>>> print(open('start.csv').read())   # CSV, C-alpha atoms
chain,number,residue,atom,x,y,z
D,1,PRO,CA,20.6,-55.5,-42.4
D,2,VAL,CA,21.1,-53.4,-39.2
D,3,PRO,CA,17.7,-52.3,-37.9
D,4,GLU,CA,17.3,-48.6,-37.8
D,5,GLN,CA,17.3,-47.1,-34.4
D,6,GLU,CA,14.4,-45.0,-33.4
D,7,PRO,CA,15.3,-41.5,-32.5
D,8,GLU,CA,15.3,-40.8,-28.8
D,9,PRO,CA,12.4,-38.6,-27.7
D,10,GLU,CA,13.4,-35.1,-26.9
D,11,PRO,CA,13.3,-34.4,-23.2
D,12,GLU,CA,10.4,-32.3,-22.1
D,13,PRO,CA,11.3,-28.8,-21.0
D,14,GLU,CA,11.5,-28.3,-17.3
D,15,PRO,CA,8.5,-26.5,-15.8
D,16,VAL,CA,9.1,-22.8,-15.1
D,17,PRO,CA,8.5,-22.0,-11.4
D,18,LYS,CA,5.4,-19.8,-11.0
D,19,THR,CA,6.0,-16.4,-9.5
D,20,ALA,CA,4.4,-13.1,-9.6
D,21,PRO,CA,3.3,-12.2,-13.2
D,22,VAL,CA,6.1,-10.3,-14.8
D,23,SER,CA,5.9,-10.7,-18.5
D,24,SER,CA,2.4,-11.9,-19.5
D,25,GLY,CA,-0.5,-9.6,-20.0
D,26,GLY,CA,-3.9,-9.6,-18.4
D,27,HIS,CA,-2.9,-9.3,-14.8
D,28,HIS,CA,-4.3,-6.7,-12.5
D,29,LEU,CA,-1.9,-4.8,-10.2
D,30,PRO,CA,-4.1,-3.4,-7.4
D,31,ALA,CA,-3.4,0.0,-5.8
D,32,SER,CA,-2.0,-1.9,-2.8
D,33,GLY,CA,0.8,-3.1,-5.1
D,34,ALA,CA,0.2,-6.8,-4.5
D,35,PRO,CA,0.3,-8.7,-7.8
D,36,GLU,CA,-2.4,-11.2,-8.7
D,37,ASP,CA,-2.1,-14.5,-10.5
D,38,ASP,CA,-5.0,-15.4,-12.7
D,39,ASP,CA,-3.9,-19.0,-12.9
D,40,ASN,CA,-5.7,-20.8,-10.1
D,41,GLU,CA,-4.4,-24.3,-10.9
D,42,PRO,CA,-2.2,-25.7,-8.1
D,43,ASP,CA,1.6,-25.8,-8.7
D,44,ALA,CA,4.2,-27.6,-6.7
D,45,LEU,CA,6.5,-24.7,-7.2
D,46,SER,CA,4.2,-21.8,-6.4
D,47,LEU,CA,4.3,-19.6,-3.4
D,48,SER,CA,2.0,-20.5,-0.5
D,49,PHE,CA,-0.3,-18.0,1.1
D,50,PRO,CA,2.0,-17.3,4.1
D,51,GLU,CA,5.0,-16.9,1.7
D,52,ARG,CA,3.1,-14.4,-0.5
D,53,MET,CA,1.9,-12.5,2.6
D,54,ALA,CA,5.5,-12.3,3.9
D,55,CYS,CA,6.8,-11.1,0.5
D,56,GLY,CA,4.0,-8.5,0.3
D,57,SER,CA,4.7,-7.2,3.9
D,58,VAL,CA,8.4,-6.9,3.4
D,59,ALA,CA,7.9,-5.2,0.0
D,60,ARG,CA,5.5,-2.7,1.6
D,61,LEU,CA,8.0,-2.0,4.3
D,62,CYS,CA,10.9,-1.4,1.8
D,63,ALA,CA,8.8,0.8,-0.5
D,64,GLN,CA,7.4,3.0,2.4
D,65,THR,CA,10.9,3.4,3.9
D,66,VAL,CA,12.4,4.4,0.6
D,67,LEU,CA,9.6,7.0,0.0
D,68,HIS,CA,9.6,8.2,3.6
D,69,PRO,CA,11.2,11.6,2.8
D,70,PHE,CA,8.3,12.5,0.5
D,71,ASP,CA,5.9,11.5,3.3
D,72,THR,CA,7.7,13.8,5.7
D,73,LEU,CA,7.7,16.8,3.3
D,74,ARG,CA,4.0,16.2,2.7
D,75,THR,CA,3.2,16.2,6.4
D,76,ARG,CA,5.2,19.3,7.1
D,77,ALA,CA,3.5,21.1,4.3
D,78,GLN,CA,0.0,20.1,5.5
D,79,ALA,CA,0.4,20.6,9.3
D,80,ARG,CA,-0.7,23.7,11.0
D,81,LYS,CA,2.2,26.2,11.4
D,82,ARG,CA,3.2,26.9,14.9
D,83,ALA,CA,5.8,29.3,16.3
D,84,ALA,CA,6.6,26.8,19.1
D,85,MET,CA,7.4,23.9,16.8
D,86,HIS,CA,10.8,22.4,16.8
D,87,THR,CA,12.0,24.5,13.9
D,88,ARG,CA,15.5,22.9,13.6
D,89,PHE,CA,15.0,20.7,10.6
D,90,GLY,CA,17.9,19.5,8.5
D,91,VAL,CA,18.4,17.1,5.6
D,92,ALA,CA,18.8,14.1,8.0
D,93,ASP,CA,15.4,14.9,9.6
D,94,VAL,CA,13.7,14.4,6.2
D,95,PHE,CA,14.9,10.8,6.3
D,96,LEU,CA,14.7,10.1,10.0
D,97,LYS,CA,11.8,12.0,11.5
D,98,GLY,CA,9.0,9.4,12.3
D,99,ILE,CA,10.9,6.5,10.8
D,100,ALA,CA,10.6,4.3,13.9
D,101,PRO,CA,6.8,3.9,13.9
D,102,GLN,CA,6.8,3.8,10.1
D,103,MET,CA,9.1,0.8,10.1
D,104,ALA,CA,7.7,-0.9,13.1
D,105,LEU,CA,4.0,-0.9,11.9
D,106,ALA,CA,4.4,-1.1,8.1
D,107,MET,CA,4.7,-4.9,8.0
D,108,PRO,CA,1.8,-5.6,10.3
D,109,ALA,CA,-0.4,-3.2,8.3
D,110,GLY,CA,0.7,-4.7,5.0
D,111,ALA,CA,0.1,-8.2,6.2
D,112,LEU,CA,-3.4,-7.4,7.6
D,113,GLN,CA,-4.3,-5.7,4.3
D,114,PHE,CA,-3.0,-8.6,2.2
D,115,VAL,CA,-4.9,-11.2,4.3
D,116,THR,CA,-8.1,-9.3,4.3
D,117,LEU,CA,-7.9,-8.6,0.5
D,118,GLU,CA,-7.2,-12.2,-0.4
D,119,ALA,CA,-9.9,-13.6,2.0
D,120,SER,CA,-12.5,-11.1,0.7
D,121,ARG,CA,-11.6,-12.0,-2.9
D,122,GLU,CA,-12.0,-15.7,-2.3
D,123,ALA,CA,-15.2,-15.2,-0.3
D,124,LEU,CA,-16.8,-13.0,-3.0
D,125,ALA,CA,-15.9,-15.5,-5.7
D,126,GLY,CA,-17.4,-18.3,-3.6
D,127,ASP,CA,-14.1,-20.1,-3.0
D,128,LEU,CA,-14.7,-20.2,0.8
D,129,TRP,CA,-17.2,-22.7,2.2
D,130,THR,CA,-18.6,-19.9,4.5
D,131,SER,CA,-19.3,-17.6,1.6
D,132,LYS,CA,-22.8,-16.4,1.2
D,133,VAL,CA,-22.1,-13.5,-1.2
D,134,LEU,CA,-21.1,-14.1,-4.8
D,135,ILE,CA,-19.9,-11.4,-7.2
D,136,SER,CA,-19.3,-12.7,-10.7
D,137,ASP,CA,-17.6,-9.6,-12.1
D,138,LYS,CA,-13.9,-9.8,-11.4
D,139,THR,CA,-13.4,-6.0,-11.5
D,140,THR,CA,-16.1,-5.5,-8.9
D,141,ARG,CA,-14.6,-8.2,-6.7
D,142,ASP,CA,-11.2,-6.6,-6.9
D,143,LEU,CA,-12.6,-3.1,-5.9
D,144,VAL,CA,-14.6,-4.5,-3.0
D,145,SER,CA,-11.7,-6.7,-1.8
D,146,SER,CA,-9.4,-3.7,-2.1
D,147,ALA,CA,-11.7,-1.6,0.0
D,148,ALA,CA,-12.0,-4.3,2.6
D,149,GLY,CA,-8.2,-4.6,2.8
D,150,ALA,CA,-7.7,-0.8,3.1
D,151,PHE,CA,-10.4,-0.7,5.9
D,152,ALA,CA,-8.7,-3.5,7.9
D,153,ALA,CA,-5.3,-2.0,7.5
D,154,ALA,CA,-6.5,1.3,8.9
D,155,PHE,CA,-6.7,-0.2,12.3
D,156,ILE,CA,-2.9,-0.4,12.3
D,157,ARG,CA,-2.1,2.5,9.9
D,158,VAL,CA,-4.0,5.1,11.9
D,159,PRO,CA,-1.9,4.5,15.1
D,160,GLN,CA,1.1,4.4,12.8
D,161,GLU,CA,0.3,7.9,11.5
D,162,VAL,CA,-0.7,9.2,14.9
D,163,LEU,CA,2.7,8.3,16.2
D,164,LYS,CA,4.6,9.4,13.1
D,165,GLN,CA,3.1,12.6,11.8
D,166,PRO,CA,3.4,14.7,15.0
D,167,VAL,CA,7.2,14.0,14.9
D,168,GLN,CA,7.4,14.7,11.2
D,169,SER,CA,5.6,18.0,11.6
D,170,GLY,CA,8.0,19.1,14.5
D,171,LEU,CA,5.4,18.9,17.3
D,172,TYR,CA,7.6,16.5,19.2
D,173,PRO,CA,11.4,16.0,18.9
D,174,ASN,CA,11.3,12.2,18.6
D,175,SER,CA,9.0,9.2,18.4
D,176,ALA,CA,9.5,8.3,22.1
D,177,ALA,CA,8.2,11.7,23.3
D,178,CYS,CA,5.3,11.5,20.9
D,179,ALA,CA,4.3,8.0,22.1
D,180,ARG,CA,4.4,9.2,25.8
D,181,ALA,CA,2.2,12.1,25.0
D,182,VAL,CA,-0.3,10.1,23.0
D,183,PHE,CA,-0.6,7.2,25.6
D,184,ARG,CA,-1.2,9.8,28.4
D,185,GLN,CA,-4.3,10.8,26.6
D,186,GLY,CA,-5.7,7.2,26.4
D,187,PRO,CA,-6.0,4.5,23.8
D,188,GLY,CA,-8.7,6.5,21.9
D,189,ARG,CA,-6.0,9.1,20.9
D,190,LEU,CA,-4.4,6.4,18.8
D,191,TYR,CA,-7.4,6.5,16.5
D,192,ARG,CA,-7.8,10.2,16.0
D,193,GLY,CA,-8.5,10.8,12.3
D,194,PHE,CA,-9.7,7.2,11.7
D,195,GLY,CA,-12.7,8.4,9.6
D,196,ALA,CA,-10.6,10.7,7.5
D,197,THR,CA,-8.0,8.0,6.9
D,198,VAL,CA,-10.6,5.5,5.7
D,199,LEU,CA,-12.3,8.1,3.5
D,200,ARG,CA,-9.0,8.8,1.9
D,201,ASP,CA,-7.6,5.3,1.4
D,202,ILE,CA,-10.6,3.4,0.2
D,203,PRO,CA,-11.5,6.0,-2.6
D,204,TRP,CA,-7.8,6.2,-3.5
D,205,ASN,CA,-7.7,2.5,-4.3
D,206,SER,CA,-11.0,2.6,-6.3
D,207,LEU,CA,-10.1,5.9,-8.1
D,208,GLY,CA,-6.6,4.7,-8.8
D,209,TYR,CA,-7.9,1.5,-10.4
D,210,THR,CA,-10.6,3.4,-12.4
D,211,PHE,CA,-8.1,5.9,-13.8
D,212,TRP,CA,-5.7,3.1,-14.6
D,213,GLN,CA,-8.4,1.4,-16.7
D,214,ILE,CA,-9.3,4.7,-18.4
D,215,LEU,CA,-5.7,5.5,-19.3
D,216,ARG,CA,-5.2,2.0,-20.7
D,217,THR,CA,-8.2,2.5,-22.9
D,218,ILE,CA,-7.2,5.9,-24.1
D,219,THR,CA,-3.6,5.1,-24.8
D,220,GLY,CA,-4.2,1.6,-26.2
D,221,ALA,CA,-1.2,0.4,-24.2
D,222,PRO,CA,-0.5,-3.4,-24.3
D,223,GLN,CA,-1.5,-5.4,-21.3
D,224,THR,CA,2.0,-5.9,-20.0
D,225,VAL,CA,3.4,-5.5,-16.5
D,226,SER,CA,5.6,-2.6,-17.5
D,227,ALA,CA,2.8,-0.7,-19.1
D,228,ASP,CA,0.5,-1.4,-16.1
D,229,LEU,CA,3.1,-0.1,-13.7
D,230,VAL,CA,3.4,3.2,-15.6
D,231,LEU,CA,-0.3,3.7,-16.1
D,232,GLY,CA,-1.1,2.5,-12.6
D,233,GLY,CA,1.3,5.1,-11.3
D,234,LEU,CA,-0.3,7.8,-13.3
D,235,GLY,CA,-3.8,6.7,-12.2
D,236,GLY,CA,-2.6,6.7,-8.6
D,237,ALA,CA,-1.2,10.2,-9.0
D,238,ILE,CA,-4.5,11.5,-10.3
D,239,ALA,CA,-6.4,9.9,-7.5
D,240,ALA,CA,-3.9,11.3,-5.0
D,241,ILE,CA,-4.4,14.9,-6.3
D,242,ILE,CA,-8.2,14.5,-6.0
D,243,LEU,CA,-8.1,13.2,-2.4
D,244,THR,CA,-5.4,15.6,-1.1
D,245,PRO,CA,-8.1,17.7,0.8
D,246,MET,CA,-9.0,14.6,2.8
D,247,ASP,CA,-5.3,14.0,3.5
D,248,VAL,CA,-4.9,17.5,4.8
D,249,VAL,CA,-7.9,17.0,7.1
D,250,LYS,CA,-6.4,13.8,8.4
D,251,THR,CA,-3.0,15.4,9.0
D,252,ARG,CA,-4.6,18.4,10.9
D,253,LEU,CA,-6.5,16.0,13.2
D,254,MET,CA,-3.4,13.8,13.9
D,255,THR,CA,-1.0,16.7,14.4
D,256,GLN,CA,-3.3,18.7,16.7
D,257,SER,CA,-1.9,19.9,20.0
D,258,ALA,CA,-3.8,20.7,23.2
D,259,ALA,CA,-2.1,24.0,23.2
D,260,ASP,CA,-3.6,25.1,19.9
D,261,ALA,CA,-6.0,28.0,20.2
D,262,VAL,CA,-8.3,26.5,17.6
D,263,GLN,CA,-9.2,22.9,18.2
D,264,TYR,CA,-10.5,20.7,15.4
D,265,SER,CA,-13.3,18.4,16.5
D,266,GLY,CA,-14.0,16.1,13.6
D,267,LEU,CA,-13.8,15.6,9.9
D,268,ILE,CA,-16.4,18.2,8.8
D,269,ASN,CA,-15.4,20.7,11.4
D,270,THR,CA,-11.8,20.5,10.3
D,271,PHE,CA,-12.6,20.8,6.7
D,272,VAL,CA,-14.8,23.9,7.3
D,273,ARG,CA,-12.2,25.5,9.6
D,274,VAL,CA,-9.3,25.0,7.2
D,275,VAL,CA,-11.3,26.6,4.3
D,276,THR,CA,-12.6,29.5,6.5
D,277,ASP,CA,-9.3,30.4,8.2
D,278,GLU,CA,-6.8,29.6,5.4
D,279,GLY,CA,-8.8,29.4,2.1
D,280,VAL,CA,-9.5,26.6,-0.3
D,281,GLY,CA,-5.9,26.5,-1.4
D,282,ALA,CA,-4.9,25.1,2.0
D,283,LEU,CA,-6.7,21.9,1.2
D,284,PHE,CA,-4.1,21.1,-1.5
D,285,ARG,CA,-1.0,21.8,0.6
D,286,GLY,CA,1.6,19.1,0.1
D,287,VAL,CA,0.1,17.8,-3.1
D,288,ILE,CA,3.4,17.5,-4.9
D,289,PRO,CA,5.3,15.4,-2.3
D,290,ARG,CA,2.0,13.4,-1.8
D,291,VAL,CA,2.0,12.6,-5.6
D,292,LEU,CA,5.8,11.8,-5.5
D,293,TYR,CA,5.1,9.4,-2.6
D,294,LEU,CA,2.0,7.6,-3.9
D,295,ALA,CA,2.7,7.4,-7.7
D,296,PRO,CA,5.7,5.1,-7.4
D,297,LEU,CA,4.5,3.2,-4.3
D,298,ALA,CA,2.8,0.4,-6.1
D,299,SER,CA,5.7,0.0,-8.6
D,300,LEU,CA,8.2,-0.3,-5.8
D,301,VAL,CA,6.1,-2.7,-3.8
D,302,TYR,CA,5.6,-4.9,-7.0
D,303,THR,CA,9.4,-4.8,-7.8
D,304,VAL,CA,10.5,-5.9,-4.3
D,305,TYR,CA,7.7,-8.5,-4.2
D,306,GLU,CA,8.8,-10.0,-7.5
D,307,ALA,CA,12.5,-10.1,-6.4
D,308,LEU,CA,11.6,-11.8,-3.1
D,309,ALA,CA,9.2,-14.2,-4.8
D,310,ARG,CA,11.9,-15.3,-7.2
D,311,VAL,CA,14.4,-15.9,-4.4
D,312,LEU,CA,11.9,-18.1,-2.6
D,313,LEU,CA,10.9,-20.0,-5.7
D,314,GLU,CA,14.6,-20.6,-6.7
D,315,ALA,CA,15.2,-21.9,-3.2
D,316,LYS,CA,12.1,-24.2,-3.3
D,317,ALA,CA,13.1,-25.5,-6.8
D,318,LYS,CA,16.6,-26.4,-5.5
D,319,PHE,CA,15.1,-28.1,-2.5
D,320,ALA,CA,12.6,-30.1,-4.6
D,321,ALA,CA,15.2,-31.1,-7.4
D,322,PRO,CA,16.7,-34.1,-5.6
D,323,LYS,CA,13.3,-35.5,-4.8
D,324,GLU,CA,12.3,-35.2,-8.5
D,325,GLU,CA,15.4,-37.1,-9.6
D,326,LEU,CA,14.5,-40.0,-7.3
>>> encode(input="start.csv", output="structure tokens")
Amino acid sequence: PVPEQEPEPEPEPEPVPKTAPVSSGGHHLPASGAPEDDDNEPDALSLSFPERMACGSVARLCAQTVLHPFDTLRTRAQARKRAAMHTRFGVADVFLKGIAPQMALAMPAGALQFVTLEASREALAGDLWTSKVLISDKTTRDLVSSAAGAFAAAFIRVPQEVLKQPVQSGLYPNSAACARAVFRQGPGRLYRGFGATVLRDIPWNSLGYTFWQILRTITGAPQTVSADLVLGGLGGAIAAIILTPMDVVKTRLMTQSAADAVQYSGLINTFVRVVTDEGVGALFRGVIPRVLYLAPLASLVYTVYEALARVLLEAKAKFAAPKEEL
């Protein structure tokens, strides 16, 4: 009799390259838009830290550039009205005014925020040998790390805004003229409005995260990336509305001219003067373009990040395939 042949074992499925979480639930999408991966096990086909940082920086640049027109409209609505401003403002200006400093500094700011956020998260979790502070609750770690990232990024974002917003508001005809005027006043001028920026960005991250969690609880939405992007955008929009007064104060400080009859001298002074001279409603100028800018920001960053991550992972998989066959 012919011996029966044992069936050949079925080949094991090829491992799926690990990328940014796109379909499984339970992942947190921070207000910064940088996705997290809850799986801490090493993977030969995962993105390295520099690769993730590069993807995050490019994603931030692309998202901010696409949404730049809303940022320009917000700035013009919030800035002090002057008769001597460059009043000629067309459709092209909405897209181009202040675009140079925005594009030049978006990537460094995004990279610094990403590095600080990741380092803070690892330190607070006790993953770094130098860590002395441990926070067991993941949500608290995320909020504290997000605040640290926003604070670090402010050292680049404030000069970016100082060089961008006066051009957007019409105080200067172009970025070169604005830069010359700012540098003549000394390096300290680059950080005018630093306090207002920090007091706007850090609460926005925390409030956006809080409202996202509340909305997810109220709606009972599934823990999927698509649901988190929608609810995260709504949470960010609510936080943006609440913090619009701080954004107006920041814009007034950064777009101030030496020729202005009334000079703002700080955060509290600016807040009081705006309310006294123009009413409480002035603190909410530009709220609609501000919401239209911030609500989709995280979603755009995440989408571009995911696309770049997939391209890198596919390239790494092709490069590693011949070695695996050997």
>>> atom_distance(input="start.csv", atom1="CA of Ala176 (chain D)", atom2="CA of Thr72 (chain D)")
17.4 Å
>>> residues_around(input="start.csv", residues="region 241-254 of chain D", least_positions_apart="2", cutoff="9 Å", atoms="only C-alpha atoms", output="ChimeraX atom specification")
/D:75,78-80,158,161-163,165-166,189-197,199-201,203-204,236-239,256-257,263-268,270-271,274,282-288,290-291
>>> atom_distance(input="start.csv", atom1="CA of Leu294 (chain D)", atom2="CA of Gly170 (chain D)")
22.5 Å
>>> closest_residue(input="start.csv", among="D:Pro173, D:Leu297, D:Lys318, D:Phe70", to="Val230 (chain D)", atoms="all atoms listed in the file")
D:Leu297
>>> atom_distance(input="start.csv", atom1="CA of Val198 (chain D)", atom2="CA of Tyr302 (chain D)")
23.1 Å
>>> residues_around(input="start.csv", residues="region 210-222 of chain D", least_positions_apart="5", cutoff="7 Å", atoms="only C-alpha atoms", output="list in words")
Ala227, Leu231, Gly232 and Gly235 of chain D
>>> write_last_selection(input="start.csv", atoms="C-alpha atoms", output="tab-separated table (two decimals), in the coordinates of the input")
chain	number	residue	atom	x	y	z
D	227	ALA	CA	2.80	-0.70	-19.10
D	231	LEU	CA	-0.30	3.70	-16.10
D	232	GLY	CA	-1.10	2.50	-12.60
D	235	GLY	CA	-3.80	6.70	-12.20
>>> closest_residue(input="start.csv", among="D:Leu47, D:Pro69, D:Ala320, D:Gly98", to="Ala179 (chain D)", atoms="only C-alpha atoms")
D:Gly98
>>> closest_residue(input="start.csv", among="D:Ala315, D:Leu308, D:Ala295, D:Leu73", to="Cys55 (chain D)", atoms="only C-alpha atoms")
D:Leu308
>>> decode(input="start.csv", residues="region 72-170 of chain D", atoms="C-alpha atoms", output="PDB file, in the first residue's frame")
ATOM      1  CA  THR D  72      -4.948  84.807   7.836  1.00  0.00           C
ATOM      2  CA  LEU D  73      -8.664  85.621   8.095  1.00  0.00           C
ATOM      3  CA  ARG D  74      -8.535  85.039  11.857  1.00  0.00           C
ATOM      4  CA  THR D  75      -5.565  87.377  12.258  1.00  0.00           C
ATOM      5  CA  ARG D  76      -7.142  90.162  10.214  1.00  0.00           C
ATOM      6  CA  ALA D  77     -10.352  89.909  12.215  1.00  0.00           C
ATOM      7  CA  GLN D  78      -8.533  90.088  15.555  1.00  0.00           C
ATOM      8  CA  ALA D  79      -5.897  92.744  14.797  1.00  0.00           C
ATOM      9  CA  ARG D  80      -6.434  96.378  15.660  1.00  0.00           C
ATOM     10  CA  LYS D  81      -7.932  98.338  12.775  1.00  0.00           C
ATOM     11  CA  ARG D  82      -5.678 101.074  11.418  1.00  0.00           C
ATOM     12  CA  ALA D  83      -6.276 103.614   8.664  1.00  0.00           C
ATOM     13  CA  ALA D  84      -2.624 103.351   7.610  1.00  0.00           C
ATOM     14  CA  MET D  85      -2.693  99.599   7.103  1.00  0.00           C
ATOM     15  CA  HIS D  86      -1.959  98.147   3.702  1.00  0.00           C
ATOM     16  CA  THR D  87      -5.622  98.010   2.724  1.00  0.00           C
ATOM     17  CA  ARG D  88      -5.100  96.338  -0.632  1.00  0.00           C
ATOM     18  CA  PHE D  89      -6.003  92.751   0.152  1.00  0.00           C
ATOM     19  CA  GLY D  90      -7.118  90.282  -2.522  1.00  0.00           C
ATOM     20  CA  VAL D  91      -7.855  86.588  -2.730  1.00  0.00           C
ATOM     21  CA  ALA D  92      -4.197  85.739  -3.379  1.00  0.00           C
ATOM     22  CA  ASP D  93      -3.196  87.568  -0.186  1.00  0.00           C
ATOM     23  CA  VAL D  94      -5.371  85.216   1.867  1.00  0.00           C
ATOM     24  CA  PHE D  95      -3.160  82.337   0.706  1.00  0.00           C
ATOM     25  CA  LEU D  96       0.213  84.104   0.520  1.00  0.00           C
ATOM     26  CA  LYS D  97       0.418  86.730   3.279  1.00  0.00           C
ATOM     27  CA  GLY D  98       2.799  85.418   5.958  1.00  0.00           C
ATOM     28  CA  ILE D  99       3.275  82.066   4.237  1.00  0.00           C
ATOM     29  CA  ALA D 100       7.111  82.283   4.250  1.00  0.00           C
ATOM     30  CA  PRO D 101       7.663  82.241   8.054  1.00  0.00           C
ATOM     31  CA  GLN D 102       4.795  79.791   8.418  1.00  0.00           C
ATOM     32  CA  MET D 103       6.440  77.246   6.117  1.00  0.00           C
ATOM     33  CA  ALA D 104       9.986  77.932   7.288  1.00  0.00           C
ATOM     34  CA  LEU D 105       9.289  77.358  10.993  1.00  0.00           C
ATOM     35  CA  ALA D 106       6.392  74.877  10.989  1.00  0.00           C
ATOM     36  CA  MET D 107       8.650  71.822  10.708  1.00  0.00           C
ATOM     37  CA  PRO D 108      11.159  72.831  13.433  1.00  0.00           C
ATOM     38  CA  ALA D 109       8.268  73.681  15.766  1.00  0.00           C
ATOM     39  CA  GLY D 110       6.550  70.395  15.020  1.00  0.00           C
ATOM     40  CA  ALA D 111       9.766  68.420  15.513  1.00  0.00           C
ATOM     41  CA  LEU D 112      10.523  70.102  18.853  1.00  0.00           C
ATOM     42  CA  GLN D 113       6.972  69.474  20.062  1.00  0.00           C
ATOM     43  CA  PHE D 114       7.131  65.823  18.987  1.00  0.00           C
ATOM     44  CA  VAL D 115      10.521  65.198  20.639  1.00  0.00           C
ATOM     45  CA  THR D 116       9.484  66.868  23.904  1.00  0.00           C
ATOM     46  CA  LEU D 117       6.123  65.082  23.994  1.00  0.00           C
ATOM     47  CA  GLU D 118       7.666  61.643  23.429  1.00  0.00           C
ATOM     48  CA  ALA D 119      10.543  62.226  25.873  1.00  0.00           C
ATOM     49  CA  SER D 120       8.141  63.492  28.551  1.00  0.00           C
ATOM     50  CA  ARG D 121       5.823  60.534  28.059  1.00  0.00           C
ATOM     51  CA  GLU D 122       8.684  58.051  28.418  1.00  0.00           C
ATOM     52  CA  ALA D 123      10.141  59.867  31.420  1.00  0.00           C
ATOM     53  CA  LEU D 124       6.809  60.031  33.250  1.00  0.00           C
ATOM     54  CA  ALA D 125       6.231  56.334  32.570  1.00  0.00           C
ATOM     55  CA  GLY D 126       9.669  55.499  33.951  1.00  0.00           C
ATOM     56  CA  ASP D 127      11.036  54.334  30.608  1.00  0.00           C
ATOM     57  CA  LEU D 128      14.095  56.598  30.788  1.00  0.00           C
ATOM     58  CA  TRP D 129      16.907  55.748  33.186  1.00  0.00           C
ATOM     59  CA  THR D 130      17.080  59.378  34.325  1.00  0.00           C
ATOM     60  CA  SER D 131      13.400  59.459  35.252  1.00  0.00           C
ATOM     61  CA  LYS D 132      12.619  60.373  38.862  1.00  0.00           C
ATOM     62  CA  VAL D 133       8.909  61.078  38.368  1.00  0.00           C
ATOM     63  CA  LEU D 134       6.421  58.313  37.669  1.00  0.00           C
ATOM     64  CA  ILE D 135       2.773  58.847  36.739  1.00  0.00           C
ATOM     65  CA  SER D 136       0.830  55.613  36.494  1.00  0.00           C
ATOM     66  CA  ASP D 137      -2.328  57.040  34.919  1.00  0.00           C
ATOM     67  CA  LYS D 138      -1.956  57.117  31.128  1.00  0.00           C
ATOM     68  CA  THR D 139      -4.407  59.991  30.593  1.00  0.00           C
ATOM     69  CA  THR D 140      -2.518  62.183  33.068  1.00  0.00           C
ATOM     70  CA  ARG D 141       0.775  61.306  31.383  1.00  0.00           C
ATOM     71  CA  ASP D 142      -0.700  62.259  28.003  1.00  0.00           C
ATOM     72  CA  LEU D 143      -1.949  65.628  29.273  1.00  0.00           C
ATOM     73  CA  VAL D 144       1.297  66.503  31.047  1.00  0.00           C
ATOM     74  CA  SER D 145       3.387  65.403  28.062  1.00  0.00           C
ATOM     75  CA  SER D 146       1.163  67.371  25.690  1.00  0.00           C
ATOM     76  CA  ALA D 147       1.609  70.484  27.853  1.00  0.00           C
ATOM     77  CA  ALA D 148       5.384  70.008  27.853  1.00  0.00           C
ATOM     78  CA  GLY D 149       5.392  69.641  24.067  1.00  0.00           C
ATOM     79  CA  ALA D 150       3.290  72.776  23.577  1.00  0.00           C
ATOM     80  CA  PHE D 151       5.542  74.765  25.922  1.00  0.00           C
ATOM     81  CA  ALA D 152       8.723  73.689  24.124  1.00  0.00           C
ATOM     82  CA  ALA D 153       7.250  74.392  20.687  1.00  0.00           C
ATOM     83  CA  ALA D 154       6.320  77.920  21.799  1.00  0.00           C
ATOM     84  CA  PHE D 155      10.007  78.883  21.637  1.00  0.00           C
ATOM     85  CA  ILE D 156       9.749  78.487  17.849  1.00  0.00           C
ATOM     86  CA  ARG D 157       6.071  79.196  17.286  1.00  0.00           C
ATOM     87  CA  VAL D 158       6.133  82.606  18.970  1.00  0.00           C
ATOM     88  CA  PRO D 159       8.834  83.968  16.605  1.00  0.00           C
ATOM     89  CA  GLN D 160       6.911  82.329  13.769  1.00  0.00           C
ATOM     90  CA  GLU D 161       3.753  84.217  14.763  1.00  0.00           C
ATOM     91  CA  VAL D 162       5.649  87.486  15.363  1.00  0.00           C
ATOM     92  CA  LEU D 163       7.052  87.332  11.828  1.00  0.00           C
ATOM     93  CA  LYS D 164       3.780  86.134  10.283  1.00  0.00           C
ATOM     94  CA  GLN D 165       0.864  87.945  11.914  1.00  0.00           C
ATOM     95  CA  PRO D 166       1.939  91.559  11.231  1.00  0.00           C
ATOM     96  CA  VAL D 167       2.109  90.673   7.525  1.00  0.00           C
ATOM     97  CA  GLN D 168      -1.256  88.931   7.619  1.00  0.00           C
ATOM     98  CA  SER D 169      -2.844  91.907   9.358  1.00  0.00           C
ATOM     99  CA  GLY D 170      -1.477  94.347   6.764  1.00  0.00           C
TER     100      GLY D 170
END
